[in-house]
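The file target_11.cif contains mmCIF, C-alpha atoms:
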```cif
data_structure
#
loop_
_atom_site.group_PDB
_atom_site.id
_atom_site.type_symbol
_atom_site.label_atom_id
_atom_site.label_comp_id
_atom_site.auth_asym_id
_atom_site.auth_seq_id
_atom_site.Cartn_x
_atom_site.Cartn_y
_atom_site.Cartn_z
ATOM 1 C CA MET U 1 -0.609 -56.575 40.418
ATOM 2 C CA VAL U 2 -2.574 -56.454 43.670
ATOM 3 C CA VAL U 3 -0.808 -57.457 46.845
ATOM 4 C CA PRO U 4 -2.975 -58.073 49.918
ATOM 5 C CA GLU U 5 -2.473 -55.947 52.972
ATOM 6 C CA HIS U 6 -0.139 -57.385 55.565
ATOM 7 C CA LEU U 7 -1.540 -58.606 58.857
ATOM 8 C CA VAL U 8 0.590 -57.716 61.849
ATOM 9 C CA GLY U 9 -0.627 -58.368 65.360
ATOM 10 C CA GLY U 10 -4.173 -58.758 64.080
ATOM 11 C CA GLN U 11 -4.107 -55.313 62.402
ATOM 12 C CA CYS U 12 -4.202 -54.592 58.699
ATOM 13 C CA LEU U 13 -1.331 -52.462 57.540
ATOM 14 C CA PRO U 14 -1.316 -50.984 54.060
ATOM 15 C CA LYS U 15 1.169 -52.566 51.694
ATOM 16 C CA ARG U 16 4.411 -50.750 51.153
ATOM 17 C CA PRO U 17 4.911 -49.312 47.667
ATOM 18 C CA ARG U 18 7.167 -51.419 45.425
ATOM 19 C CA VAL U 19 9.727 -49.054 43.892
ATOM 20 C CA LEU U 20 12.258 -49.468 41.084
ATOM 21 C CA ILE U 21 15.078 -46.915 40.800
ATOM 22 C CA ALA U 22 16.763 -45.943 37.521
ATOM 23 C CA GLU U 23 19.808 -43.782 38.257
ATOM 24 C CA ASP U 24 23.210 -43.941 36.587
ATOM 25 C CA HIS U 25 25.214 -42.302 39.388
ATOM 26 C CA PRO U 26 26.005 -45.026 41.975
ATOM 27 C CA GLY U 27 26.182 -42.622 44.924
ATOM 28 C CA VAL U 28 22.821 -41.058 44.107
ATOM 29 C CA ALA U 29 21.242 -44.467 43.486
ATOM 30 C CA LYS U 30 22.492 -45.727 46.858
ATOM 31 C CA ALA U 31 21.202 -42.646 48.695
ATOM 32 C CA VAL U 32 17.785 -42.885 47.002
ATOM 33 C CA CYS U 33 17.572 -46.605 47.852
ATOM 34 C CA ARG U 34 18.366 -45.884 51.505
ATOM 35 C CA LEU U 35 15.837 -43.054 51.680
ATOM 36 C CA LEU U 36 12.986 -44.937 50.023
ATOM 37 C CA ALA U 37 13.660 -48.151 51.960
ATOM 38 C CA LEU U 38 12.342 -46.352 55.070
ATOM 39 C CA ASP U 39 8.744 -46.673 53.813
ATOM 40 C CA CYS U 40 8.946 -48.626 50.554
ATOM 41 C CA ASP U 41 10.109 -51.957 49.207
ATOM 42 C CA VAL U 42 12.899 -51.116 46.782
ATOM 43 C CA VAL U 43 12.605 -53.997 44.316
ATOM 44 C CA GLY U 44 15.583 -53.029 42.177
ATOM 45 C CA SER U 45 18.029 -50.417 41.001
ATOM 46 C CA VAL U 46 19.320 -50.099 37.443
ATOM 47 C CA ALA U 47 21.792 -47.754 35.790
ATOM 48 C CA ASP U 48 20.535 -47.406 32.217
ATOM 49 C CA GLY U 49 17.351 -46.884 30.251
ATOM 50 C CA SER U 50 17.331 -50.277 28.539
ATOM 51 C CA ALA U 51 17.630 -52.013 31.901
ATOM 52 C CA VAL U 52 14.746 -50.034 33.415
ATOM 53 C CA LEU U 53 12.450 -51.096 30.564
ATOM 54 C CA GLU U 54 13.270 -54.765 31.153
ATOM 55 C CA ALA U 55 13.114 -54.477 34.961
ATOM 56 C CA ALA U 56 9.773 -52.652 34.830
ATOM 57 C CA GLN U 57 8.243 -55.566 32.925
ATOM 58 C CA ARG U 58 9.836 -58.242 35.085
ATOM 59 C CA LEU U 59 9.357 -56.662 38.538
ATOM 60 C CA GLN U 60 6.017 -54.846 38.034
ATOM 61 C CA PRO U 61 6.739 -52.059 40.562
ATOM 62 C CA ASP U 62 4.085 -49.593 41.724
ATOM 63 C CA VAL U 63 6.462 -46.667 41.189
ATOM 64 C CA ILE U 64 9.583 -46.128 39.114
ATOM 65 C CA VAL U 65 11.977 -43.285 39.948
ATOM 66 C CA VAL U 66 13.749 -42.333 36.709
ATOM 67 C CA ASP U 67 16.675 -39.990 36.149
ATOM 68 C CA LEU U 68 16.478 -38.150 32.820
ATOM 69 C CA ASN U 69 20.095 -38.619 31.782
ATOM 70 C CA LEU U 70 20.317 -42.386 31.506
ATOM 71 C CA PRO U 71 22.596 -44.133 29.009
ATOM 72 C CA ASN U 72 21.124 -46.168 26.108
ATOM 73 C CA VAL U 73 17.512 -44.982 26.485
ATOM 74 C CA ASN U 74 16.989 -41.547 28.074
ATOM 75 C CA GLY U 75 14.594 -41.100 30.985
ATOM 76 C CA LEU U 76 11.835 -39.420 28.956
ATOM 77 C CA GLU U 77 11.751 -42.195 26.371
ATOM 78 C CA ALA U 78 11.851 -44.822 29.132
ATOM 79 C CA CYS U 79 8.915 -43.081 30.837
ATOM 80 C CA ARG U 80 6.951 -42.993 27.580
ATOM 81 C CA GLN U 81 7.520 -46.695 26.900
ATOM 82 C CA ILE U 82 6.785 -47.782 30.484
ATOM 83 C CA THR U 83 3.511 -45.884 30.709
ATOM 84 C CA LEU U 84 2.411 -47.144 27.275
ATOM 85 C CA VAL U 85 2.944 -50.775 28.276
ATOM 86 C CA ASN U 86 1.636 -50.417 31.840
ATOM 87 C CA PRO U 87 -0.364 -47.217 32.433
ATOM 88 C CA LYS U 88 -0.939 -48.152 36.100
ATOM 89 C CA THR U 89 2.771 -47.822 36.874
ATOM 90 C CA LYS U 90 3.584 -44.413 38.319
ATOM 91 C CA VAL U 91 6.776 -42.849 36.996
ATOM 92 C CA ILE U 92 8.556 -40.106 38.906
ATOM 93 C CA VAL U 93 11.075 -38.126 36.879
ATOM 94 C CA PHE U 94 13.886 -37.362 39.340
ATOM 95 C CA THR U 95 16.416 -34.955 37.894
ATOM 96 C CA ALA U 96 18.890 -32.186 38.605
ATOM 97 C CA MET U 97 17.229 -30.095 35.863
ATOM 98 C CA ASN U 98 14.790 -27.649 37.423
ATOM 99 C CA ASP U 99 13.284 -26.520 34.138
ATOM 100 C CA PRO U 100 9.505 -26.040 33.709
ATOM 101 C CA ASP U 101 9.741 -27.073 30.034
ATOM 102 C CA VAL U 102 11.415 -30.356 30.996
ATOM 103 C CA ALA U 103 8.758 -30.911 33.666
ATOM 104 C CA GLN U 104 6.002 -30.264 31.127
ATOM 105 C CA ARG U 105 7.603 -32.663 28.645
ATOM 106 C CA SER U 106 7.826 -35.284 31.414
ATOM 107 C CA PHE U 107 4.080 -35.064 32.005
ATOM 108 C CA GLU U 108 3.402 -35.199 28.266
ATOM 109 C CA VAL U 109 5.183 -38.569 27.994
ATOM 110 C CA GLY U 110 3.310 -40.014 30.977
ATOM 111 C CA ALA U 111 5.174 -39.088 34.167
ATOM 112 C CA SER U 112 3.046 -38.952 37.310
ATOM 113 C CA ALA U 113 5.405 -36.578 39.078
ATOM 114 C CA PHE U 114 8.521 -34.467 38.577
ATOM 115 C CA VAL U 115 10.919 -34.066 41.507
ATOM 116 C CA HIS U 116 14.021 -31.882 41.425
ATOM 117 C CA LYS U 117 17.042 -33.573 43.022
ATOM 118 C CA GLY U 118 17.863 -30.382 44.910
ATOM 119 C CA SER U 119 14.430 -30.164 46.537
ATOM 120 C CA GLY U 120 15.309 -32.225 49.607
ATOM 121 C CA ASP U 121 15.011 -35.855 50.631
ATOM 122 C CA GLY U 122 11.470 -35.548 51.951
ATOM 123 C CA ASP U 123 10.030 -34.485 48.589
ATOM 124 C CA LEU U 124 10.870 -37.733 46.819
ATOM 125 C CA LEU U 125 9.616 -39.974 49.623
ATOM 126 C CA SER U 126 6.415 -37.969 50.128
ATOM 127 C CA THR U 127 5.775 -38.012 46.368
ATOM 128 C CA VAL U 128 6.090 -41.808 46.247
ATOM 129 C CA LYS U 129 3.739 -42.159 49.202
ATOM 130 C CA ARG U 130 1.209 -39.708 47.759
ATOM 131 C CA LEU U 131 1.148 -41.494 44.406
ATOM 132 C CA CYS U 132 0.424 -44.816 46.113
ATOM 133 C CA GLU U 133 -2.329 -43.605 48.423
ATOM 134 C CA GLY U 134 -5.894 -44.816 48.007
ATOM 135 C CA PRO U 135 -8.332 -42.424 46.337
ATOM 136 C CA ARG U 136 -6.731 -40.215 43.745
ATOM 137 C CA LEU U 137 -6.769 -36.499 44.458
ATOM 138 C CA ILE U 138 -6.636 -33.747 41.862
ATOM 139 C CA THR U 139 -3.165 -32.258 42.128
ATOM 140 C CA PRO U 140 -1.128 -29.680 40.199
ATOM 141 C CA ILE U 141 0.351 -32.668 38.364
ATOM 142 C CA ASP U 142 -3.130 -33.643 37.186
ATOM 143 C CA HIS U 143 -3.785 -30.116 35.971
ATOM 144 C CA ALA U 144 -0.479 -30.046 34.067
ATOM 145 C CA ARG U 145 -1.256 -33.417 32.487
ATOM 146 C CA GLU U 146 -4.722 -32.269 31.448
ATOM 147 C CA ARG U 147 -3.263 -29.098 29.877
ATOM 148 C CA ALA U 148 -0.745 -31.243 27.980
ATOM 149 C CA ARG U 149 -3.494 -33.607 26.768
ATOM 150 C CA SER U 150 -5.669 -30.681 25.717
ATOM 151 C CA ALA U 151 -2.788 -29.090 23.834
ATOM 152 C CA ARG U 152 -2.037 -32.361 22.024
ATOM 153 C CA PHE U 153 -5.709 -32.850 21.197
ATOM 154 C CA SER U 154 -6.079 -29.267 19.968
ATOM 155 C CA SER U 155 -2.993 -29.477 17.752
ATOM 156 C CA SER U 156 -3.971 -32.868 16.291
ATOM 157 C CA SER U 157 -7.597 -31.888 15.627
ATOM 158 C CA ALA U 158 -6.531 -28.624 13.965
ATOM 159 C CA ARG U 159 -4.852 -30.604 11.182
#
```

Once more with this new file: its structure as structure tokens, please.
Amino acid sequence: MVVPEHLVGGQCLPKRPRVLIAEDHPGVAKAVCRLLALDCDVVGSVADGSAVLEAAQRLQPDVIVVDLNLPNVNGLEACRQITLVNPKTKVIVFTAMNDPDVAQRSFEVGASAFVHKGSGDGDLLSTVKRLCEGPRLITPIDHARERARSARFSSSSAR
């Protein structure tokens, strides 16, 4: 979905990213909403994996911030399903688990970024903004994704 840039005072301003939040802890969800609302349009907040799948289809956000430990459908499975249906949607896995294996698995199922909840408020907001910027830059995330794709291709072609 393409939204035209906003005109303010005769100047073009870039559109604000539309963000959906999937977090089952109300206090965390509220804090993330407040933080992201500074530079983004928070289009919704849901507390379980089934709800994020439905909301992603209905709201068509640019970015979805997903906790891993969601009830009904876990965050990794939600990420996989969202990126299969709409590969243009950027999914940020936002979790308290600071585990490289979990991060790698997140990229394998389609996540665009992995942000540790303990990393500080600025990391999540800057990640959302970076993902929504114009020309795509090669980042460590891209390299990790390419390694994951290569590993999947190598293991499937070896059969």

Open item on the list: Env of range 34-37 of chain U: 8 Å cut, atoms = only C-alpha atoms, seq-sep filter 4 positions within chain, self excluded. Answer as a list of chain:residue names.
Closed with: U:Lys30, U:Asp41, U:Val42, U:Asp121, U:Leu125

Open item on the list: As an exercise, work out the distance from CA of Gln104 in chain U to CA of Val66 in chain U in Å and give it to one decimal place.
Closed with: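 Going from CA of Gln104 in chain U over to CA of Val66 in chain U covers 15.4 Å.
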
TODO: For CA of Lys15 in chain U and CA of Asp62 in chain U, determine how far apart the two atoms are, in Å to one decimal place.
DONE: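 About the pair CA of Lys15 in chain U and CA of Asp62 in chain U: they are 10.8 Å apart.
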
Open item on the list: Residues within 6 Å of range 107-118 of chain U, please, as number ranges by chain. Count all atoms listed in the file; anything in the same chain fewer than 2 positions from it doesn't count.
Closed with: U: 80, 83, 90-96, 98, 104-105, 120, 145, 148

- [ ] Write out as a list in words the residues lying within 8 Å of Val128 in chain U, counting only C-alpha atoms and excluding same-chain residues fewer than 4 positions away.
- [x]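 My reading of the contact set: Pro17, Val63, Ile92, Leu124 and Cys132 of chain U.
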
TODO: Work out how far apart CA of Val32 in chain U and CA of Gly49 in chain U are and give it in Å to one decimal.
DONE: 17.2 Å

Expected axis-aligned box over every listed atom of range 44-59 of chain U, 4 Å added per side, centre plus edges in Å to one decimal, as lines of an AutoDock Vina configuration file:
```
center_x = 15.0
center_y = -52.6
center_z = 35.4
size_x = 21.5
size_y = 19.4
size_z = 21.6
```

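Once Val73 in chain U and its same-chain neighbours fewer than 6 positions away are set aside, Ala22, Asp24, Ala47, Asp48, Gly49, Ser50, Ala51, Val52, Leu53, Glu54, Val66, Asp67, Cys79, Arg80, Gln81 and Ile82 of chain U remain within 12 Å of it when counting only C-alpha atoms.
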